[in-house]
Amino acid sequence: MLITGMLITIVAIFMILIPQFFMRLKSPRIPDKLLKNPKMKIVLRVWGGIFVIVGILLIIFSTI
C-alpha cells in the first residue's frame with residue numbers, strides 16, 4: 001500500500017503540473033477545441049489534487 005500511495009501521489013503531482021500531457025493520453029480522440037479549453041485544464045488539476053490527497057492517505061495508513 002505504501003508503494004501504491006507513492007505512485008499515485010507522484011502521478012497526481014505531474015497531473016497538476018503538466019495537465020496537457022495527460023489530456024492527450026485519452027483513448028478516444030479529443031477534439032483540439034476541447035484540448036485548448038482552459039476549463040479542461042482546471043478539471044484535470046482538481047482531479048490531480050484529489051488523487052494527491054488519496055495517495056497521501058494511503059501512505060499514512062500504510063505506515064500506521
# chains A, B, ... in the order shown; residues from 1 in each chain; ligands from 1
$ residues_around --residues "Thr63 (chain A)" --least-positions-apart "2" --cutoff "12 Å" --atoms "only C-alpha atoms" --output "ChimeraX atom specification"
/A:1-3,5,56-61
$ residues_around --residues "region 33-38 of chain A" --least-positions-apart "2" --cutoff "12 Å" --atoms "only C-alpha atoms" --output "list in words"
Pro19, Gln20, Phe21, Phe22, Met23, Arg24, Leu25, Lys26, Arg29, Ile30, Pro31, Met40, Lys41, Ile42, Val43, Leu44 and Arg45 of chain A
$ atom_distance --atom1 "CA of Lys39 (chain A)" --atom2 "CA of Leu17 (chain A)"
15.1 Å
$ atom_distance --atom1 "CA of Met6 (chain A)" --atom2 "CA of Ile64 (chain A)"
15.3 Å
$ select_by_dssp --residues "chain A" --states "alpha helix (DSSP H)" --output "JSON, numbers by chain"
{"A": [2, 3, 4, 5, 6, 7, 8, 9, 10, 11, 12, 13, 14, 15, 16, 17, 19, 20, 21, 22, 23, 32, 33, 34, 35, 38, 39, 40, 41, 42, 43, 44, 45, 46, 47, 48, 49, 50, 51, 52, 53, 54, 55, 56, 57, 58, 59, 60, 61, 62, 63]}
$ atom_distance --atom1 "CA of Val52 (chain A)" --atom2 "CA of Asp32 (chain A)"
27.6 Å
